$ cat final-v7.cif   # mmCIF, C-alpha atoms
data_final
loop_
_atom_site.group_PDB
_atom_site.id
_atom_site.type_symbol
_atom_site.label_atom_id
_atom_site.label_comp_id
_atom_site.auth_asym_id
_atom_site.auth_seq_id
_atom_site.Cartn_x
_atom_site.Cartn_y
_atom_site.Cartn_z
ATOM 1 C CA VAL Z 1 69.826 92.561 105.931
ATOM 2 C CA GLN Z 2 72.407 92.530 103.168
ATOM 3 C CA LEU Z 3 71.970 94.436 99.939
ATOM 4 C CA GLN Z 4 73.719 93.678 96.663
ATOM 5 C CA ALA Z 5 73.469 96.177 93.824
ATOM 6 C CA SER Z 6 74.165 95.237 90.231
ATOM 7 C CA GLY Z 7 73.622 96.331 86.660
ATOM 8 C CA GLY Z 8 75.766 99.430 86.388
ATOM 9 C CA GLY Z 9 77.771 100.197 83.287
ATOM 10 C CA LEU Z 10 78.813 102.672 80.632
ATOM 11 C CA MET Z 11 75.986 104.243 78.677
ATOM 12 C CA GLN Z 12 75.604 107.006 76.126
ATOM 13 C CA ALA Z 13 73.503 110.039 76.882
ATOM 14 C CA GLY Z 14 69.882 109.443 76.011
ATOM 15 C CA GLY Z 15 70.098 105.746 76.679
ATOM 16 C CA SER Z 16 68.410 103.594 79.277
ATOM 17 C CA LEU Z 17 69.723 101.343 82.004
ATOM 18 C CA ARG Z 18 68.135 99.238 84.715
ATOM 19 C CA ILE Z 19 69.987 98.587 87.926
ATOM 20 C CA SER Z 20 68.875 96.149 90.558
ATOM 21 C CA CYS Z 21 69.328 95.530 94.240
ATOM 22 C CA ALA Z 22 68.844 92.125 95.850
ATOM 23 C CA ALA Z 23 68.078 91.927 99.549
ATOM 24 C CA SER Z 24 69.122 89.040 101.721
ATOM 25 C CA VAL Z 25 67.284 88.856 105.000
ATOM 26 C CA ALA Z 26 67.677 86.630 108.013
ATOM 27 C CA SER Z 27 65.653 83.432 108.184
ATOM 28 C CA GLY Z 28 62.048 84.314 108.860
ATOM 29 C CA GLY Z 29 62.516 87.897 107.761
ATOM 30 C CA THR Z 30 61.055 89.619 104.758
ATOM 31 C CA SER Z 31 62.072 92.575 102.656
ATOM 32 C CA SER Z 32 58.408 93.599 102.414
ATOM 33 C CA ARG Z 33 58.806 95.233 105.827
ATOM 34 C CA LEU Z 34 61.505 97.536 104.521
ATOM 35 C CA ASP Z 35 61.294 100.894 102.829
ATOM 36 C CA MET Z 36 63.730 100.836 99.935
ATOM 37 C CA ALA Z 37 65.627 103.643 98.271
ATOM 38 C CA TRP Z 38 68.338 104.527 95.825
ATOM 39 C CA PHE Z 39 70.973 107.155 96.450
ATOM 40 C CA ARG Z 40 73.900 108.199 94.302
ATOM 41 C CA GLN Z 41 77.259 109.823 94.779
ATOM 42 C CA ALA Z 42 79.085 111.541 91.968
ATOM 43 C CA PRO Z 43 82.861 112.142 92.127
ATOM 44 C CA GLY Z 44 83.647 114.975 94.495
ATOM 45 C CA LYS Z 45 80.040 115.364 95.583
ATOM 46 C CA GLU Z 46 77.962 114.309 98.549
ATOM 47 C CA ARG Z 47 75.615 111.365 98.426
ATOM 48 C CA GLU Z 48 72.166 112.420 97.252
ATOM 49 C CA PHE Z 49 68.718 110.918 97.262
ATOM 50 C CA VAL Z 50 67.398 109.524 93.981
ATOM 51 C CA ALA Z 51 64.215 107.537 94.629
ATOM 52 C CA ALA Z 52 62.373 105.631 97.322
ATOM 53 C CA MET Z 53 59.490 103.238 97.582
ATOM 54 C CA ARG Z 54 57.495 102.599 100.730
ATOM 55 C CA LYS Z 55 57.078 99.092 102.093
ATOM 56 C CA SER Z 56 53.331 99.236 101.558
ATOM 57 C CA GLY Z 57 50.950 101.085 99.322
ATOM 58 C CA GLY Z 58 53.360 101.391 96.417
ATOM 59 C CA TYR Z 59 54.136 105.016 97.207
ATOM 60 C CA THR Z 60 57.166 106.346 95.375
ATOM 61 C CA TYR Z 61 59.286 109.450 95.759
ATOM 62 C CA TYR Z 62 61.848 110.993 93.431
ATOM 63 C CA SER Z 63 64.369 113.765 93.472
ATOM 64 C CA ASP Z 64 63.686 116.620 91.086
ATOM 65 C CA PRO Z 65 66.645 115.869 88.770
ATOM 66 C CA VAL Z 66 65.350 112.375 87.982
ATOM 67 C CA LYS Z 67 61.591 112.848 88.175
ATOM 68 C CA GLY Z 68 59.958 111.752 84.959
ATOM 69 C CA ARG Z 69 63.050 109.856 83.793
ATOM 70 C CA PHE Z 70 63.671 107.282 86.528
ATOM 71 C CA SER Z 71 61.271 104.735 87.958
ATOM 72 C CA ILE Z 72 61.679 102.652 91.102
ATOM 73 C CA SER Z 73 59.958 99.317 91.526
ATOM 74 C CA ARG Z 74 60.153 96.372 93.870
ATOM 75 C CA ASP Z 75 59.329 92.694 93.865
ATOM 76 C CA ASN Z 76 58.884 91.444 97.409
ATOM 77 C CA THR Z 77 58.715 87.833 96.249
ATOM 78 C CA LYS Z 78 62.138 88.102 94.648
ATOM 79 C CA ARG Z 79 63.340 90.553 97.315
ATOM 80 C CA THR Z 80 64.577 92.988 94.706
ATOM 81 C CA VAL Z 81 64.247 96.696 94.079
ATOM 82 C CA ASP Z 82 65.025 98.058 90.643
ATOM 83 C CA LEU Z 83 65.736 101.495 89.255
ATOM 84 C CA GLN Z 84 64.837 102.005 85.616
ATOM 85 C CA MET Z 85 66.768 104.968 84.264
ATOM 86 C CA ASN Z 86 65.711 106.517 80.971
ATOM 87 C CA SER Z 87 66.940 109.531 79.032
ATOM 88 C CA LEU Z 88 70.249 109.320 80.827
ATOM 89 C CA LYS Z 89 72.384 112.424 81.089
ATOM 90 C CA PRO Z 90 76.116 112.823 81.791
ATOM 91 C CA GLU Z 91 75.195 114.363 85.139
ATOM 92 C CA ASP Z 92 73.628 111.033 86.132
ATOM 93 C CA THR Z 93 77.143 109.592 86.317
ATOM 94 C CA ALA Z 94 77.635 108.317 89.850
ATOM 95 C CA VAL Z 95 77.926 105.310 92.083
ATOM 96 C CA TYR Z 96 74.376 104.223 92.843
ATOM 97 C CA TYR Z 97 73.641 102.756 96.261
ATOM 98 C CA CYS Z 98 70.553 100.905 97.355
ATOM 99 C CA ALA Z 99 69.395 101.384 100.906
ATOM 100 C CA ALA Z 100 66.767 99.891 103.169
ATOM 101 C CA GLY Z 101 65.182 100.875 106.419
ATOM 102 C CA SER Z 102 62.540 99.473 108.720
ATOM 103 C CA THR Z 103 61.695 102.658 110.611
ATOM 104 C CA VAL Z 104 61.718 105.334 107.927
ATOM 105 C CA ILE Z 105 59.291 108.145 108.587
ATOM 106 C CA LEU Z 106 57.865 110.059 105.658
ATOM 107 C CA SER Z 107 59.502 113.360 106.543
ATOM 108 C CA ASN Z 108 62.939 111.678 106.396
ATOM 109 C CA ILE Z 109 62.416 109.452 103.388
ATOM 110 C CA ARG Z 110 64.906 111.481 101.338
ATOM 111 C CA SER Z 111 67.552 111.462 104.064
ATOM 112 C CA ALA Z 112 70.386 108.939 104.003
ATOM 113 C CA ASP Z 113 70.329 108.894 107.810
ATOM 114 C CA ALA Z 114 66.882 107.257 107.717
ATOM 115 C CA TYR Z 115 68.232 104.026 106.250
ATOM 116 C CA HIS Z 116 70.113 101.421 108.277
ATOM 117 C CA TYR Z 117 71.170 99.054 105.524
ATOM 118 C CA TRP Z 118 73.310 99.857 102.502
ATOM 119 C CA GLY Z 119 74.581 97.998 99.484
ATOM 120 C CA GLN Z 120 78.082 98.333 98.087
ATOM 121 C CA GLY Z 121 77.112 100.495 95.118
ATOM 122 C CA THR Z 122 77.181 100.059 91.380
ATOM 123 C CA LEU Z 123 78.857 102.518 89.003
ATOM 124 C CA VAL Z 124 76.834 104.165 86.265
ATOM 125 C CA THR Z 125 78.767 106.218 83.743
ATOM 126 C CA VAL Z 126 76.990 108.265 81.099
ATOM 127 C CA SER Z 127 79.046 109.639 78.244
ATOM 128 C CA SER Z 128 78.027 112.653 76.180
#
$ encode --input "final-v7.cif" --output "structure tokens"
Amino acid sequence: VQLQASGGGLMQAGGSLRISCAASVASGGTSSRLDMAWFRQAPGKEREFVAAMRKSGGYTYYSDPVKGRFSISRDNTKRTVDLQMNSLKPEDTAVYYCAAGSTVILSNIRSADAYHYWGQGTLVTVSS
């Protein structure tokens, strides 16, 4: 599985941005069998969980700092997972990474160690 994130950029506080992650799977494979997530890493800080979406049932999970402002969605036909970010704040500035895993258990869904596949990251900068 290869993941390619895109859509990052420079935004003003209060604005909105949608970033996307495209999954490439081996012939015969499908991204619908993968739990998908977004993490972010700000300069000088550790990587942190942002949002996740289970492979079935449409269940979503968010970190407290983004709950109510960010929304994760996926399109298994297009093999994409998007993160809609609204009401952006300067503290949202980070490199955003998409991640995927085939054996993620619910208790670990917010842990980076639960995901085997990672994209290269896309930079989101929010100015005040």
$ axis_aligned_box --input "final-v7.cif" --around "region 105-123 of chain Z" --padding-each-side "8 Å" --output "lines of an AutoDock Vina configuration file"
center_x = 68.4
center_y = 105.7
center_z = 98.8
size_x = 37.0
size_y = 31.4
size_z = 35.6
$ closest_residue --input "final-v7.cif" --among "Z:Ile105, Z:Ala114, Z:Leu83, Z:Ala26" --to "Gln2 (chain Z)" --atoms "all atoms listed in the file"
Z:Ala26
$ closest_residue --input "final-v7.cif" --among "Z:Met53, Z:Ala94, Z:Gln12, Z:Gly121" --to "Ile109 (chain Z)" --atoms "all atoms listed in the file"
Z:Met53
$ residues_around --input "final-v7.cif" --residues "Ser16 (chain Z)" --least-positions-apart "6" --cutoff "9 Å" --atoms "all atoms listed in the file" --output "PyMOL selection string"
chain Z and resi 84-88
$ residues_around --input "final-v7.cif" --residues "Tyr61 (chain Z)" --least-positions-apart "4" --cutoff "9 Å" --atoms "only C-alpha atoms" --output "count of residues only"
10
$ closest_residue --input "final-v7.cif" --among "Z:Gly57, Z:Asp35, Z:Ala22, Z:Ser71" --to "His116 (chain Z)" --atoms "only C-alpha atoms"
Z:Asp35
$ residues_near_point --input "final-v7.cif" --point "(70.8, 93.7, 87.0)" --cutoff "7 Å" --atoms "all atoms listed in the file" --output "number ranges by chain"
Z: 6-7, 18-20
$ atom_distance --input "final-v7.cif" --atom1 "CA of Phe39 (chain Z)" --atom2 "CA of Tyr115 (chain Z)"
10.6 Å
$ residues_around --input "final-v7.cif" --residues "Asp75 (chain Z)" --least-positions-apart "4" --cutoff "12 Å" --atoms "only C-alpha atoms" --output "list of chain:residue names"
Z:Ser20, Z:Cys21, Z:Ala22, Z:Ala23, Z:Thr30, Z:Ser31, Z:Ser32, Z:Leu34, Z:Met36, Z:Met53, Z:Lys55, Z:Ser56, Z:Gly58, Z:Arg79, Z:Thr80, Z:Val81, Z:Asp82, Z:Leu83
$ closest_residue --input "final-v7.cif" --among "Z:Glu48, Z:Gly14, Z:Gly119, Z:Gly68" --to "Lys89 (chain Z)" --atoms "all atoms listed in the file"
Z:Gly14
$ closest_residue --input "final-v7.cif" --among "Z:Thr103, Z:Ser73, Z:Ser24, Z:Ser128" --to "Trp38 (chain Z)" --atoms "only C-alpha atoms"
Z:Ser73
$ closest_residue --input "final-v7.cif" --among "Z:Val1, Z:Val25, Z:Val95, Z:Ala42" --to "Val124 (chain Z)" --atoms "all atoms listed in the file"
Z:Val95
$ atom_distance --input "final-v7.cif" --atom1 "CA of Gly101 (chain Z)" --atom2 "CA of Thr125 (chain Z)"
27.0 Å
$ atom_distance --input "final-v7.cif" --atom1 "CA of Ala112 (chain Z)" --atom2 "CA of Tyr96 (chain Z)"
12.8 Å
$ decode --input "final-v7.cif" --residues "chain Z" --atoms "C-alpha atoms" --output "PDB file, in the first residue's frame"
ATOM      1  CA  VAL Z   1       0.000   0.000   0.000  1.00  0.00           C
ATOM      2  CA  GLN Z   2       1.322   3.415  -0.940  1.00  0.00           C
ATOM      3  CA  LEU Z   3      -0.209   6.623   0.333  1.00  0.00           C
ATOM      4  CA  GLN Z   4       0.110  10.030  -1.296  1.00  0.00           C
ATOM      5  CA  ALA Z   5      -1.067  13.093   0.602  1.00  0.00           C
ATOM      6  CA  SER Z   6      -1.851  16.364  -1.119  1.00  0.00           C
ATOM      7  CA  GLY Z   7      -3.656  19.651  -0.687  1.00  0.00           C
ATOM      8  CA  GLY Z   8      -1.610  21.399   1.964  1.00  0.00           C
ATOM      9  CA  GLY Z   9      -0.903  25.101   1.813  1.00  0.00           C
ATOM     10  CA  LEU Z  10      -0.819  28.457   3.542  1.00  0.00           C
ATOM     11  CA  MET Z  11      -4.087  29.576   5.078  1.00  0.00           C
ATOM     12  CA  GLN Z  12      -5.260  32.392   7.307  1.00  0.00           C
ATOM     13  CA  ALA Z  13      -6.740  31.670  10.694  1.00  0.00           C
ATOM     14  CA  GLY Z  14     -10.446  31.013  10.453  1.00  0.00           C
ATOM     15  CA  GLY Z  15     -10.197  29.615   6.968  1.00  0.00           C
ATOM     16  CA  SER Z  16     -10.880  26.154   5.632  1.00  0.00           C
ATOM     17  CA  LEU Z  17      -8.752  23.634   3.803  1.00  0.00           C
ATOM     18  CA  ARG Z  18      -9.298  20.119   2.519  1.00  0.00           C
ATOM     19  CA  ILE Z  19      -6.399  17.732   2.262  1.00  0.00           C
ATOM     20  CA  SER Z  20      -6.554  14.381   0.574  1.00  0.00           C
ATOM     21  CA  CYS Z  21      -4.763  11.075   0.638  1.00  0.00           C
ATOM     22  CA  ALA Z  22      -4.784   8.643  -2.278  1.00  0.00           C
ATOM     23  CA  ALA Z  23      -4.087   4.982  -1.631  1.00  0.00           C
ATOM     24  CA  SER Z  24      -2.455   2.715  -4.150  1.00  0.00           C
ATOM     25  CA  VAL Z  25      -2.907  -0.949  -3.421  1.00  0.00           C
ATOM     26  CA  ALA Z  26      -1.516  -4.053  -5.041  1.00  0.00           C
ATOM     27  CA  SER Z  27      -3.496  -5.691  -7.824  1.00  0.00           C
ATOM     28  CA  GLY Z  28      -6.514  -7.390  -6.328  1.00  0.00           C
ATOM     29  CA  GLY Z  29      -6.303  -5.384  -3.136  1.00  0.00           C
ATOM     30  CA  THR Z  30      -8.702  -2.792  -1.853  1.00  0.00           C
ATOM     31  CA  SER Z  31      -8.403   0.169   0.456  1.00  0.00           C
ATOM     32  CA  SER Z  32     -11.818  -0.690   1.917  1.00  0.00           C
ATOM     33  CA  ARG Z  33     -10.055  -3.241   4.121  1.00  0.00           C
ATOM     34  CA  LEU Z  34      -7.937  -0.547   5.717  1.00  0.00           C
ATOM     35  CA  ASP Z  35      -8.591   1.698   8.670  1.00  0.00           C
ATOM     36  CA  MET Z  36      -7.454   5.172   7.699  1.00  0.00           C
ATOM     37  CA  ALA Z  37      -6.184   8.020   9.826  1.00  0.00           C
ATOM     38  CA  TRP Z  38      -4.569  11.412   9.819  1.00  0.00           C
ATOM     39  CA  PHE Z  39      -1.754  12.417  12.121  1.00  0.00           C
ATOM     40  CA  ARG Z  40       0.183  15.656  12.299  1.00  0.00           C
ATOM     41  CA  GLN Z  41       3.554  16.817  13.496  1.00  0.00           C
ATOM     42  CA  ALA Z  42       4.260  20.417  14.350  1.00  0.00           C
ATOM     43  CA  PRO Z  43       7.836  21.774  14.434  1.00  0.00           C
ATOM     44  CA  GLY Z  44       9.625  20.588  17.540  1.00  0.00           C
ATOM     45  CA  LYS Z  45       6.736  18.401  18.640  1.00  0.00           C
ATOM     46  CA  GLU Z  46       5.893  14.726  18.495  1.00  0.00           C
ATOM     47  CA  ARG Z  47       3.518  13.297  15.944  1.00  0.00           C
ATOM     48  CA  GLU Z  48      -0.053  13.365  17.221  1.00  0.00           C
ATOM     49  CA  PHE Z  49      -3.313  11.760  16.250  1.00  0.00           C
ATOM     50  CA  VAL Z  50      -5.863  13.918  14.435  1.00  0.00           C
ATOM     51  CA  ALA Z  51      -8.661  11.719  13.082  1.00  0.00           C
ATOM     52  CA  ALA Z  52      -9.437   8.175  12.024  1.00  0.00           C
ATOM     53  CA  MET Z  53     -12.131   6.337  10.160  1.00  0.00           C
ATOM     54  CA  ARG Z  54     -12.803   2.627  10.443  1.00  0.00           C
ATOM     55  CA  LYS Z  55     -12.862   0.418   7.369  1.00  0.00           C
ATOM     56  CA  SER Z  56     -16.514  -0.413   7.929  1.00  0.00           C
ATOM     57  CA  GLY Z  57     -19.462   1.185   9.616  1.00  0.00           C
ATOM     58  CA  GLY Z  58     -18.332   4.747   9.000  1.00  0.00           C
ATOM     59  CA  TYR Z  59     -17.113   5.169  12.563  1.00  0.00           C
ATOM     60  CA  THR Z  60     -14.945   8.227  13.065  1.00  0.00           C
ATOM     61  CA  TYR Z  61     -12.670   9.377  15.854  1.00  0.00           C
ATOM     62  CA  TYR Z  62     -11.110  12.764  16.531  1.00  0.00           C
ATOM     63  CA  SER Z  63      -8.615  14.289  18.874  1.00  0.00           C
ATOM     64  CA  ASP Z  64      -9.998  16.871  21.267  1.00  0.00           C
ATOM     65  CA  PRO Z  65      -8.196  19.848  19.665  1.00  0.00           C
ATOM     66  CA  VAL Z  66      -9.886  19.270  16.301  1.00  0.00           C
ATOM     67  CA  LYS Z  67     -13.254  17.854  17.327  1.00  0.00           C
ATOM     68  CA  GLY Z  68     -16.050  19.910  15.857  1.00  0.00           C
ATOM     69  CA  ARG Z  69     -13.749  21.628  13.353  1.00  0.00           C
ATOM     70  CA  PHE Z  70     -12.275  18.775  11.310  1.00  0.00           C
ATOM     71  CA  SER Z  71     -14.083  16.019   9.458  1.00  0.00           C
ATOM     72  CA  ILE Z  72     -12.621  12.836   8.002  1.00  0.00           C
ATOM     73  CA  SER Z  73     -14.232  11.047   5.092  1.00  0.00           C
ATOM     74  CA  ARG Z  74     -13.320   8.306   2.672  1.00  0.00           C
ATOM     75  CA  ASP Z  75     -14.288   7.145  -0.782  1.00  0.00           C
ATOM     76  CA  ASN Z  76     -13.412   3.490  -1.231  1.00  0.00           C
ATOM     77  CA  THR Z  77     -14.213   3.625  -4.939  1.00  0.00           C
ATOM     78  CA  LYS Z  78     -11.653   6.364  -5.477  1.00  0.00           C
ATOM     79  CA  ARG Z  79      -9.389   4.969  -2.740  1.00  0.00           C
ATOM     80  CA  THR Z  80      -9.109   8.343  -1.068  1.00  0.00           C
ATOM     81  CA  VAL Z  81      -9.446   9.666   2.452  1.00  0.00           C
ATOM     82  CA  ASP Z  82      -9.966  13.369   2.984  1.00  0.00           C
ATOM     83  CA  LEU Z  83      -9.650  15.690   5.944  1.00  0.00           C
ATOM     84  CA  GLN Z  84     -11.841  18.772   5.846  1.00  0.00           C
ATOM     85  CA  MET Z  85     -10.412  21.386   8.182  1.00  0.00           C
ATOM     86  CA  ASN Z  86     -12.559  24.344   9.182  1.00  0.00           C
ATOM     87  CA  SER Z  87     -11.999  27.249  11.549  1.00  0.00           C
ATOM     88  CA  LEU Z  88      -8.273  26.769  11.234  1.00  0.00           C
ATOM     89  CA  LYS Z  89      -6.031  28.034  13.997  1.00  0.00           C
ATOM     90  CA  PRO Z  90      -2.298  28.837  13.999  1.00  0.00           C
ATOM     91  CA  GLU Z  91      -1.782  25.848  16.284  1.00  0.00           C
ATOM     92  CA  ASP Z  92      -3.033  23.601  13.470  1.00  0.00           C
ATOM     93  CA  THR Z  93       0.199  24.359  11.615  1.00  0.00           C
ATOM     94  CA  ALA Z  94       1.933  21.046  11.008  1.00  0.00           C
ATOM     95  CA  VAL Z  95       2.888  18.424   8.491  1.00  0.00           C
ATOM     96  CA  TYR Z  96      -0.157  16.205   8.085  1.00  0.00           C
ATOM     97  CA  TYR Z  97       0.390  12.509   7.442  1.00  0.00           C
ATOM     98  CA  CYS Z  98      -2.143   9.972   6.297  1.00  0.00           C
ATOM     99  CA  ALA Z  99      -1.827   6.464   7.627  1.00  0.00           C
ATOM    100  CA  ALA Z 100      -3.469   3.123   6.995  1.00  0.00           C
ATOM    101  CA  GLY Z 101      -3.634  -0.149   8.815  1.00  0.00           C
ATOM    102  CA  SER Z 102      -5.270  -3.508   8.281  1.00  0.00           C
ATOM    103  CA  THR Z 103      -5.148  -4.766  11.863  1.00  0.00           C
ATOM    104  CA  VAL Z 104      -6.004  -1.704  13.926  1.00  0.00           C
ATOM    105  CA  ILE Z 105      -7.834  -2.509  17.124  1.00  0.00           C
ATOM    106  CA  LEU Z 106     -10.162   0.074  18.603  1.00  0.00           C
ATOM    107  CA  SER Z 107      -8.130   0.644  21.749  1.00  0.00           C
ATOM    108  CA  ASN Z 108      -5.110   1.616  19.605  1.00  0.00           C
ATOM    109  CA  ILE Z 109      -6.865   3.618  16.925  1.00  0.00           C
ATOM    110  CA  ARG Z 110      -5.240   6.843  18.138  1.00  0.00           C
ATOM    111  CA  SER Z 111      -1.759   5.330  18.287  1.00  0.00           C
ATOM    112  CA  ALA Z 112       0.692   5.809  15.428  1.00  0.00           C
ATOM    113  CA  ASP Z 113       2.093   2.341  16.146  1.00  0.00           C
ATOM    114  CA  ALA Z 114      -1.215   0.799  15.023  1.00  0.00           C
ATOM    115  CA  TYR Z 115      -0.709   1.846  11.410  1.00  0.00           C
ATOM    116  CA  HIS Z 116       1.655   0.077   9.018  1.00  0.00           C
ATOM    117  CA  TYR Z 117       1.446   2.384   6.029  1.00  0.00           C
ATOM    118  CA  TRP Z 118       2.309   6.071   5.910  1.00  0.00           C
ATOM    119  CA  GLY Z 119       2.224   8.814   3.331  1.00  0.00           C
ATOM    120  CA  GLN Z 120       4.937  11.414   2.887  1.00  0.00           C
ATOM    121  CA  GLY Z 121       3.029  14.256   4.534  1.00  0.00           C
ATOM    122  CA  THR Z 122       1.639  17.551   3.363  1.00  0.00           C
ATOM    123  CA  LEU Z 123       2.413  20.881   5.043  1.00  0.00           C
ATOM    124  CA  VAL Z 124      -0.408  23.013   6.383  1.00  0.00           C
ATOM    125  CA  THR Z 125       0.526  26.470   7.605  1.00  0.00           C
ATOM    126  CA  VAL Z 126      -2.010  28.700   9.317  1.00  0.00           C
ATOM    127  CA  SER Z 127      -1.129  32.341   9.796  1.00  0.00           C
ATOM    128  CA  SER Z 128      -2.690  34.550  12.456  1.00  0.00           C
TER     129      SER Z 128
END
